[in-house]
>>> print(open('start-v6.cif').read())   # mmCIF, C-alpha atoms
data_work
loop_
_atom_site.group_PDB
_atom_site.id
_atom_site.type_symbol
_atom_site.label_atom_id
_atom_site.label_comp_id
_atom_site.auth_asym_id
_atom_site.auth_seq_id
_atom_site.Cartn_x
_atom_site.Cartn_y
_atom_site.Cartn_z
ATOM 1 C CA MET A 7 107.119 77.325 102.883
ATOM 2 C CA TYR A 8 107.227 78.093 106.629
ATOM 3 C CA GLU A 9 110.831 79.306 106.312
ATOM 4 C CA ASP A 10 109.764 81.664 103.533
ATOM 5 C CA VAL A 11 107.130 83.304 105.770
ATOM 6 C CA ALA A 12 109.599 83.542 108.662
ATOM 7 C CA PHE A 13 112.171 85.297 106.457
ATOM 8 C CA VAL A 14 109.622 87.820 105.175
ATOM 9 C CA ARG A 15 108.467 88.493 108.736
ATOM 10 C CA ALA A 16 112.090 89.035 109.850
ATOM 11 C CA ILE A 17 112.615 91.560 107.041
ATOM 12 C CA GLN A 18 109.433 93.423 107.985
ATOM 13 C CA GLU A 19 110.305 93.471 111.691
ATOM 14 C CA ARG A 20 113.800 94.872 111.071
ATOM 15 C CA PRO A 21 113.653 97.005 107.897
ATOM 16 C CA ASP A 22 116.932 98.796 108.677
ATOM 17 C CA ASP A 23 118.842 95.528 109.126
ATOM 18 C CA ASP A 24 119.872 94.204 105.728
ATOM 19 C CA THR A 25 121.251 91.035 107.323
ATOM 20 C CA ALA A 26 117.830 89.336 107.307
ATOM 21 C CA ARG A 27 117.358 90.345 103.665
ATOM 22 C CA LEU A 28 120.744 88.896 102.651
ATOM 23 C CA ILE A 29 120.245 85.673 104.633
ATOM 24 C CA TYR A 30 116.857 85.245 102.936
ATOM 25 C CA ALA A 31 118.472 85.836 99.526
ATOM 26 C CA ASP A 32 121.102 83.164 100.303
ATOM 27 C CA TRP A 33 118.378 80.741 101.399
ATOM 28 C CA LEU A 34 116.404 81.394 98.204
ATOM 29 C CA GLU A 35 119.507 80.681 96.104
ATOM 30 C CA GLU A 36 120.057 77.391 97.965
ATOM 31 C CA GLN A 37 116.580 76.270 96.856
ATOM 32 C CA GLY A 38 118.040 76.199 93.340
ATOM 33 C CA ASP A 39 114.951 76.750 91.204
ATOM 34 C CA GLU A 40 114.616 79.659 88.756
ATOM 35 C CA ALA A 41 111.788 81.418 90.618
ATOM 36 C CA ASN A 42 113.731 81.517 93.879
ATOM 37 C CA LEU A 43 116.933 82.599 92.126
ATOM 38 C CA ALA A 44 115.027 85.550 90.645
ATOM 39 C CA ARG A 45 113.599 86.466 94.054
ATOM 40 C CA ALA A 46 117.088 86.304 95.585
ATOM 41 C CA GLU A 47 118.468 88.599 92.898
ATOM 42 C CA PHE A 48 115.480 90.926 93.357
ATOM 43 C CA LEU A 49 116.148 91.203 97.111
ATOM 44 C CA ARG A 50 119.797 92.063 96.552
ATOM 45 C CA ALA A 51 119.141 94.526 93.720
ATOM 46 C CA ASP A 52 116.303 96.212 95.614
ATOM 47 C CA GLY A 53 118.527 96.678 98.643
ATOM 48 C CA GLU A 54 121.377 98.005 96.527
ATOM 49 C CA LEU A 55 119.080 100.443 94.710
ATOM 50 C CA ALA A 56 117.738 101.807 98.002
ATOM 51 C CA GLY A 57 121.298 102.738 98.959
ATOM 52 C CA LEU A 58 122.165 104.544 95.712
ATOM 53 C CA ALA A 59 122.113 108.302 95.341
ATOM 54 C CA GLU A 60 119.623 109.683 92.784
ATOM 55 C CA GLU A 61 122.459 110.797 90.500
ATOM 56 C CA ASP A 62 124.385 107.493 90.673
ATOM 57 C CA GLU A 63 125.381 106.239 87.212
ATOM 58 C CA TRP A 64 124.221 102.679 88.038
ATOM 59 C CA ARG A 65 120.690 103.685 89.093
ATOM 60 C CA GLU A 66 119.072 103.429 85.646
ATOM 61 C CA ALA A 67 120.565 100.011 84.884
ATOM 62 C CA LEU A 68 119.613 98.661 88.299
ATOM 63 C CA GLU A 69 116.051 99.977 87.966
ATOM 64 C CA GLY A 70 115.821 98.241 84.583
ATOM 65 C CA ARG A 71 117.065 94.972 86.062
ATOM 66 C CA LEU A 72 114.527 95.205 88.893
ATOM 67 C CA ARG A 73 111.728 95.720 86.348
ATOM 68 C CA GLU A 74 112.842 92.605 84.477
ATOM 69 C CA LEU A 75 113.063 90.495 87.624
ATOM 70 C CA ALA A 76 109.707 91.765 88.912
ATOM 71 C CA LYS A 77 107.881 90.434 85.828
ATOM 72 C CA GLY A 78 108.186 86.871 87.110
ATOM 73 C CA ILE A 79 107.629 87.574 90.814
ATOM 74 C CA ASP A 80 104.278 87.818 92.569
ATOM 75 C CA VAL A 81 103.312 91.414 93.391
ATOM 76 C CA ALA A 82 102.216 90.480 96.934
ATOM 77 C CA TRP A 83 105.712 89.131 97.655
ATOM 78 C CA ARG A 84 107.318 92.243 96.133
ATOM 79 C CA ALA A 85 105.099 94.458 98.279
ATOM 80 C CA ALA A 86 106.074 92.482 101.390
ATOM 81 C CA VAL A 87 109.841 92.885 100.917
ATOM 82 C CA SER A 88 110.287 95.983 98.742
ATOM 83 C CA LYS A 89 112.377 98.988 99.744
ATOM 84 C CA ALA A 90 110.462 101.158 97.261
ATOM 85 C CA PRO A 91 110.713 104.864 98.041
ATOM 86 C CA ILE A 92 107.550 106.772 98.877
ATOM 87 C CA VAL A 93 106.770 109.238 96.114
ATOM 88 C CA LYS A 94 104.580 112.319 96.079
ATOM 89 C CA CYS A 95 104.512 112.699 99.864
ATOM 90 C CA ASP A 96 104.119 116.466 100.057
ATOM 91 C CA HIS A 97 103.237 116.652 103.739
ATOM 92 C CA GLN A 98 105.259 119.172 105.748
ATOM 93 C CA PHE A 99 106.279 118.029 109.209
ATOM 94 C CA ASP A 100 108.634 118.845 112.052
ATOM 95 C CA PHE A 101 110.076 115.322 111.905
ATOM 96 C CA GLN A 102 111.676 113.060 109.323
ATOM 97 C CA CYS A 103 109.279 110.871 107.350
ATOM 98 C CA PRO A 104 110.700 107.355 106.720
ATOM 99 C CA MET A 105 109.954 107.795 102.990
ATOM 100 C CA GLN A 106 110.543 104.098 102.345
ATOM 101 C CA TRP A 107 107.911 101.353 102.023
ATOM 102 C CA ASP A 108 109.745 98.776 104.109
ATOM 103 C CA LYS A 109 109.919 101.140 107.087
ATOM 104 C CA LEU A 110 106.157 101.687 107.268
ATOM 105 C CA GLU A 111 103.813 99.753 109.549
ATOM 106 C CA PRO A 112 102.072 96.838 107.772
ATOM 107 C CA THR A 113 98.257 96.862 107.745
ATOM 108 C CA GLU A 114 95.612 94.231 107.105
ATOM 109 C CA ALA A 115 95.889 94.928 103.353
ATOM 110 C CA ARG A 116 99.155 93.837 101.742
ATOM 111 C CA SER A 117 99.161 96.814 99.372
ATOM 112 C CA GLU A 118 98.712 99.390 102.139
ATOM 113 C CA ARG A 119 100.970 100.457 104.971
ATOM 114 C CA PHE A 120 100.618 103.102 107.620
ATOM 115 C CA CYS A 121 103.026 105.986 108.146
ATOM 116 C CA GLY A 122 102.999 106.787 111.858
ATOM 117 C CA GLY A 123 104.817 110.037 111.137
ATOM 118 C CA CYS A 124 102.058 111.633 109.080
ATOM 119 C CA SER A 125 99.224 109.304 110.172
ATOM 120 C CA GLN A 126 98.484 108.486 106.529
ATOM 121 C CA ARG A 127 97.992 105.261 104.612
ATOM 122 C CA VAL A 128 100.531 104.686 101.859
ATOM 123 C CA TYR A 129 99.548 102.589 98.851
ATOM 124 C CA TYR A 130 101.807 100.123 97.027
ATOM 125 C CA CYS A 131 100.938 100.550 93.348
ATOM 126 C CA ALA A 132 101.516 97.681 90.955
ATOM 127 C CA THR A 133 100.526 99.645 87.822
ATOM 128 C CA ARG A 134 101.087 103.136 86.436
ATOM 129 C CA GLU A 135 97.330 103.764 86.416
ATOM 130 C CA GLU A 136 97.034 102.761 90.062
ATOM 131 C CA ALA A 137 99.882 105.127 91.024
ATOM 132 C CA ILE A 138 98.308 108.004 89.097
ATOM 133 C CA HIS A 139 94.903 107.311 90.667
ATOM 134 C CA HIS A 140 96.238 107.290 94.233
ATOM 135 C CA ALA A 141 98.444 110.346 93.659
ATOM 136 C CA THR A 142 95.498 112.228 92.151
ATOM 137 C CA CYS A 143 93.482 111.374 95.258
ATOM 138 C CA GLY A 144 96.224 112.931 97.394
ATOM 139 C CA ASN A 145 97.655 109.674 98.696
ATOM 140 C CA CYS A 146 101.307 108.877 99.218
ATOM 141 C CA VAL A 147 102.394 105.981 97.019
ATOM 142 C CA ALA A 148 105.189 103.454 96.721
ATOM 143 C CA VAL A 149 105.563 102.383 93.107
ATOM 144 C CA ASP A 150 106.364 98.769 92.205
ATOM 145 C CA ALA A 151 109.656 98.013 90.461
ATOM 146 C CA ARG A 152 107.798 96.916 87.293
ATOM 147 C CA VAL A 153 106.181 100.310 86.802
ATOM 148 C CA VAL A 154 107.795 102.888 84.553
ATOM 149 C CA LEU A 155 106.497 106.370 85.274
ATOM 150 C CA GLN A 156 106.727 109.164 82.740
ATOM 151 C CA THR A 157 107.809 112.649 83.784
ATOM 152 C CA GLY A 158 104.784 114.431 85.217
ATOM 153 C CA ASP A 159 102.645 111.306 85.764
ATOM 154 C CA LEU A 160 102.170 112.050 89.438
ATOM 155 C CA ASP A 161 102.080 115.854 89.206
ATOM 156 C CA THR A 162 98.276 115.854 89.285
ATOM 157 C CA MET A 163 98.523 115.393 93.032
ATOM 158 C CA ILE A 164 95.914 116.898 95.335
ATOM 159 C CA VAL A 165 97.693 119.556 97.356
ATOM 160 C CA ALA A 166 96.336 120.506 100.788
ATOM 161 C CA GLY A 167 93.057 118.755 100.045
ATOM 162 C CA MET A 168 92.367 120.541 96.734
ATOM 163 C CA LEU A 169 93.032 119.320 93.215
ATOM 164 C CA ALA A 170 95.834 121.366 91.678
ATOM 165 C CA ASP A 171 94.216 123.369 88.896
ATOM 166 C CA PRO A 172 96.185 126.146 87.161
ATOM 167 C CA SER A 173 92.936 127.784 85.998
ATOM 168 C CA ARG A 174 91.805 128.337 89.598
ATOM 169 C CA PRO A 175 92.445 131.903 90.850
ATOM 170 C CA SER A 176 95.675 132.229 92.850
ATOM 171 C CA TRP A 177 93.809 133.306 95.984
ATOM 172 C CA ASP A 178 91.978 129.956 95.876
ATOM 173 C CA ARG A 179 95.146 127.840 95.586
ATOM 174 C CA PRO A 180 97.282 126.380 98.376
ATOM 175 C CA ALA A 181 100.566 128.157 99.161
ATOM 176 C CA GLU A 182 102.690 125.341 97.661
ATOM 177 C CA GLU A 183 100.921 125.706 94.325
ATOM 178 C CA LYS A 184 101.610 129.439 94.190
ATOM 179 C CA GLY A 185 105.315 128.837 94.780
ATOM 180 C CA GLU A 186 105.138 130.020 98.368
ATOM 181 C CA LYS A 187 106.489 128.145 101.331
ATOM 182 C CA ALA A 188 103.695 126.266 103.088
ATOM 183 C CA PRO A 189 103.284 126.652 106.819
ATOM 184 C CA ARG A 190 104.679 123.656 108.727
ATOM 185 C CA ARG A 191 102.182 121.435 110.431
ATOM 186 C CA ARG A 192 102.796 121.167 114.130
ATOM 187 C CA ARG A 193 101.459 118.693 116.606
ATOM 188 C CA LYS A 194 99.288 120.133 119.328
ATOM 189 C CA LYS A 195 100.816 120.140 122.772
ATOM 190 C CA ARG A 196 98.735 118.528 125.439
#
>>> encode(input="start-v6.cif", output="structure tokens")
Amino acid sequence: MYEDVAFVRAIQERPDDDTARLIYADWLEEQGDEANLARAEFLRADGELAGLAEEDEWREALEGRLRELAKGIDVAWRAAVSKAPIVKCDHQFDFQCPMQWDKLEPTEARSERFCGGCSQRVYYCATREEAIHHATCGNCVAVDARVVLQTGDLDTMIVAGMLADPSRPSWDRPAEEKGEKAPRRRRKKR
């Protein structure tokens, strides 16, 4: 079990280096049992999916395979190694957000990470309801491979601190909601 923890730590310490991920997958396969074989396949498929373009013809099939594999794998382990993209991060910045779960700073809670770029907590959501809840509260979320989101599920996002409400007068809505370009947030110079 110690090797398992060491592999996960290596993946978290070097999220851009897929070598640790692939070595861990090989080690899991060598263990020979079904649970470890599924985790090895999950690691490889998750890494492959992270590298695919949105319009890639294999994306849908690979997402389906990840959902199947995830059913038999502990959510805490998936959260520790996942390359899940960050969704509904509408913050505007002068720098590039990592936009990927594995590149965020781990916190004391396994299902939360910290984005140093926007100084926000990001929540790993294991259910559709959890993702909708966090998005509605204005949080950035990474959605577990098992979760299937429907179009519009996360569109109830709080924008600029206010709940998006089409019945609210346009003068009371944030610029993004009115279709205008939002002002970019800038860091104060010291």
>>> residues_around(input="start-v6.cif", residues="Ile79 (chain A)", least_positions_apart="2", cutoff="8 Å", atoms="only C-alpha atoms", output="MDAnalysis selection string")
chainID A and resid 41 44:45 75:77 81 83:84
>>> write_last_selection(input="start-v6.cif", atoms="C-alpha atoms", output="PDB file, in the frame of the given file")
ATOM      1  CA  ALA A  41     111.788  81.418  90.618  1.00  0.00           C
ATOM      2  CA  ALA A  44     115.027  85.550  90.645  1.00  0.00           C
ATOM      3  CA  ARG A  45     113.599  86.466  94.054  1.00  0.00           C
ATOM      4  CA  LEU A  75     113.063  90.495  87.624  1.00  0.00           C
ATOM      5  CA  ALA A  76     109.707  91.765  88.912  1.00  0.00           C
ATOM      6  CA  LYS A  77     107.881  90.434  85.828  1.00  0.00           C
ATOM      7  CA  VAL A  81     103.312  91.414  93.391  1.00  0.00           C
ATOM      8  CA  TRP A  83     105.712  89.131  97.655  1.00  0.00           C
ATOM      9  CA  ARG A  84     107.318  92.243  96.133  1.00  0.00           C
TER      10      ARG A  84
END
>>> residues_near_point(input="start-v6.cif", point="(121.8, 105.1, 103.0)", cutoff="12 Å", atoms="all atoms listed in the file", output="number ranges by chain")
A: 22-24, 53-60, 89, 104, 106
>>> resolve_selection(input="start-v6.cif", expression="the PyMOL selection byres ((chain A and resi 16) around 12)", output="list in words")
Glu9, Asp10, Val11, Ala12, Phe13, Val14, Arg15, Ile17, Gln18, Glu19, Arg20, Pro21, Asp22, Asp23, Asp24, Thr25, Ala26, Arg27, Leu28, Ile29, Tyr30, Ala86, Val87 and Asp108 of chain A
>>> resolve_selection(input="start-v6.cif", expression="the PyMOL selection byres ((chain A and resi 90) around 7)", output="NGL selection string")
:A and (88-89 or 91-92 or 106-107 or 148-150)
>>> atom_distance(input="start-v6.cif", atom1="CA of Asn145 (chain A)", atom2="CA of Cys121 (chain A)")
11.5 Å
>>> atom_distance(input="start-v6.cif", atom1="CA of Cys146 (chain A)", atom2="CA of Tyr129 (chain A)")
6.5 Å
>>> atom_distance(input="start-v6.cif", atom1="CA of Asp159 (chain A)", atom2="CA of Ile138 (chain A)")
6.4 Å
>>> residues_around(input="start-v6.cif", residues="Leu72 (chain A)", least_positions_apart="3", cutoff="7 Å", atoms="all atoms listed in the file", output="list in words")
Phe48, Ala51, Leu68, Glu69, Leu75, Ala76 and Ala151 of chain A
>>> closest_residue(input="start-v6.cif", among="A:Val153, A:Leu43, A:Leu160, A:Val128", to="Ala115 (chain A)", atoms="only C-alpha atoms")
A:Val128
>>> decode(input="start-v6.cif", residues="region 10-48 of chain A", atoms="N, CA and C atoms", output="JSON list (two decimals), in the first residue's frame")
[["chain", "number", "residue", "atom", "x", "y", "z"],
["A", 10, "ASP", "N", 1.53, 2.52, -3.46],
["A", 10, "ASP", "CA", 0.35, 3.18, -4.00],
["A", 10, "ASP", "C", 0.34, 4.66, -3.62],
["A", 11, "VAL", "N", 0.56, 4.97, -2.36],
["A", 11, "VAL", "CA", 0.57, 6.35, -1.87],
["A", 11, "VAL", "C", 1.71, 7.13, -2.52],
["A", 12, "ALA", "N", 2.86, 6.51, -2.66],
["A", 12, "ALA", "CA", 4.01, 7.17, -3.27],
["A", 12, "ALA", "C", 3.73, 7.51, -4.73],
["A", 13, "PHE", "N", 3.07, 6.61, -5.45],
["A", 13, "PHE", "CA", 2.74, 6.88, -6.85],
["A", 13, "PHE", "C", 1.75, 8.05, -6.97],
["A", 14, "VAL", "N", 0.74, 8.06, -6.14],
["A", 14, "VAL", "CA", -0.25, 9.14, -6.17],
["A", 14, "VAL", "C", 0.43, 10.47, -5.85],
["A", 15, "ARG", "N", 1.30, 10.45, -4.86],
["A", 15, "ARG", "CA", 2.03, 11.68, -4.49],
["A", 15, "ARG", "C", 2.89, 12.16, -5.67],
["A", 16, "ALA", "N", 3.55, 11.24, -6.35],
["A", 16, "ALA", "CA", 4.39, 11.61, -7.51],
["A", 16, "ALA", "C", 3.55, 12.24, -8.61],
["A", 17, "ILE", "N", 2.36, 11.72, -8.84],
["A", 17, "ILE", "CA", 1.46, 12.28, -9.86],
["A", 17, "ILE", "C", 1.05, 13.70, -9.46],
["A", 18, "GLN", "N", 0.72, 13.89, -8.19],
["A", 18, "GLN", "CA", 0.28, 15.20, -7.72],
["A", 18, "GLN", "C", 1.41, 16.22, -7.72],
["A", 19, "GLU", "N", 2.63, 15.78, -7.47],
["A", 19, "GLU", "CA", 3.77, 16.70, -7.45],
["A", 19, "GLU", "C", 4.21, 17.12, -8.85],
["A", 20, "ARG", "N", 3.94, 16.26, -9.85],
["A", 20, "ARG", "CA", 4.34, 16.58, -11.22],
["A", 20, "ARG", "C", 3.18, 16.34, -12.19],
["A", 21, "PRO", "N", 2.14, 17.18, -12.11],
["A", 21, "PRO", "CA", 0.94, 16.94, -12.93],
["A", 21, "PRO", "C", 1.18, 17.02, -14.44],
["A", 22, "ASP", "N", 2.19, 17.76, -14.86],
["A", 22, "ASP", "CA", 2.47, 17.86, -16.30],
["A", 22, "ASP", "C", 3.30, 16.71, -16.83],
["A", 23, "ASP", "N", 3.85, 15.89, -15.95],
["A", 23, "ASP", "CA", 4.71, 14.78, -16.35],
["A", 23, "ASP", "C", 3.90, 13.49, -16.33],
["A", 24, "ASP", "N", 3.53, 13.02, -17.50],
["A", 24, "ASP", "CA", 2.72, 11.80, -17.58],
["A", 24, "ASP", "C", 3.52, 10.53, -17.31],
["A", 25, "THR", "N", 4.83, 10.66, -17.16],
["A", 25, "THR", "CA", 5.66, 9.48, -16.90],
["A", 25, "THR", "C", 5.25, 8.82, -15.59],
["A", 26, "ALA", "N", 5.07, 9.60, -14.53],
["A", 26, "ALA", "CA", 4.67, 9.03, -13.23],
["A", 26, "ALA", "C", 3.33, 8.33, -13.34],
["A", 27, "ARG", "N", 2.41, 8.91, -14.09],
["A", 27, "ARG", "CA", 1.08, 8.33, -14.29],
["A", 27, "ARG", "C", 1.19, 6.98, -15.01],
["A", 28, "LEU", "N", 2.03, 6.92, -16.04],
["A", 28, "LEU", "CA", 2.17, 5.68, -16.81],
["A", 28, "LEU", "C", 2.92, 4.60, -16.02],
["A", 29, "ILE", "N", 3.91, 5.00, -15.25],
["A", 29, "ILE", "CA", 4.63, 4.03, -14.40],
["A", 29, "ILE", "C", 3.67, 3.45, -13.36],
["A", 30, "TYR", "N", 2.84, 4.32, -12.77],
["A", 30, "TYR", "CA", 1.84, 3.86, -11.80],
["A", 30, "TYR", "C", 0.87, 2.89, -12.46],
["A", 31, "ALA", "N", 0.42, 3.22, -13.67],
["A", 31, "ALA", "CA", -0.50, 2.32, -14.39],
["A", 31, "ALA", "C", 0.15, 0.96, -14.63],
["A", 32, "ASP", "N", 1.42, 0.95, -15.02],
["A", 32, "ASP", "CA", 2.14, -0.32, -15.22],
["A", 32, "ASP", "C", 2.21, -1.10, -13.91],
["A", 33, "TRP", "N", 2.52, -0.40, -12.81],
["A", 33, "TRP", "CA", 2.63, -1.06, -11.52],
["A", 33, "TRP", "C", 1.27, -1.66, -11.11],
["A", 34, "LEU", "N", 0.20, -0.91, -11.34],
["A", 34, "LEU", "CA", -1.14, -1.42, -11.02],
["A", 34, "LEU", "C", -1.45, -2.68, -11.81],
["A", 35, "GLU", "N", -1.09, -2.70, -13.09],
["A", 35, "GLU", "CA", -1.32, -3.88, -13.92],
["A", 35, "GLU", "C", -0.54, -5.09, -13.40],
["A", 36, "GLU", "N", 0.69, -4.85, -12.93],
["A", 36, "GLU", "CA", 1.52, -5.94, -12.41],
["A", 36, "GLU", "C", 0.90, -6.59, -11.17],
["A", 37, "GLN", "N", 0.05, -5.84, -10.45],
["A", 37, "GLN", "CA", -0.59, -6.39, -9.26],
["A", 37, "GLN", "C", -1.57, -7.49, -9.65],
["A", 38, "GLY", "N", -2.12, -7.41, -10.87],
["A", 38, "GLY", "CA", -2.89, -8.50, -11.45],
["A", 38, "GLY", "C", -4.36, -8.63, -11.07],
["A", 39, "ASP", "N", -4.82, -7.96, -10.02],
["A", 39, "ASP", "CA", -6.22, -8.13, -9.66],
["A", 39, "ASP", "C", -7.10, -7.16, -10.46],
["A", 40, "GLU", "N", -8.39, -7.49, -10.53],
["A", 40, "GLU", "CA", -9.34, -6.72, -11.35],
["A", 40, "GLU", "C", -9.42, -5.25, -10.96],
["A", 41, "ALA", "N", -9.44, -4.96, -9.67],
["A", 41, "ALA", "CA", -9.56, -3.57, -9.21],
["A", 41, "ALA", "C", -8.37, -2.73, -9.68],
["A", 42, "ASN", "N", -7.17, -3.28, -9.57],
["A", 42, "ASN", "CA", -5.99, -2.54, -10.00],
["A", 42, "ASN", "C", -5.90, -2.44, -11.51],
["A", 43, "LEU", "N", -6.38, -3.45, -12.23],
["A", 43, "LEU", "CA", -6.40, -3.37, -13.69],
["A", 43, "LEU", "C", -7.33, -2.24, -14.15],
["A", 44, "ALA", "N", -8.46, -2.11, -13.47],
["A", 44, "ALA", "CA", -9.41, -1.03, -13.80],
["A", 44, "ALA", "C", -8.80, 0.33, -13.50],
["A", 45, "ARG", "N", -8.09, 0.45, -12.37],
["A", 45, "ARG", "CA", -7.45, 1.73, -12.04],
["A", 45, "ARG", "C", -6.35, 2.06, -13.05],
["A", 46, "ALA", "N", -5.63, 1.06, -13.50],
["A", 46, "ALA", "CA", -4.58, 1.29, -14.51],
["A", 46, "ALA", "C", -5.20, 1.80, -15.81],
["A", 47, "GLU", "N", -6.28, 1.15, -16.23],
["A", 47, "GLU", "CA", -6.95, 1.58, -17.46],
["A", 47, "GLU", "C", -7.53, 2.99, -17.28],
["A", 48, "PHE", "N", -8.07, 3.27, -16.10],
["A", 48, "PHE", "CA", -8.61, 4.61, -15.82],
["A", 48, "PHE", "C", -7.51, 5.66, -15.97]]
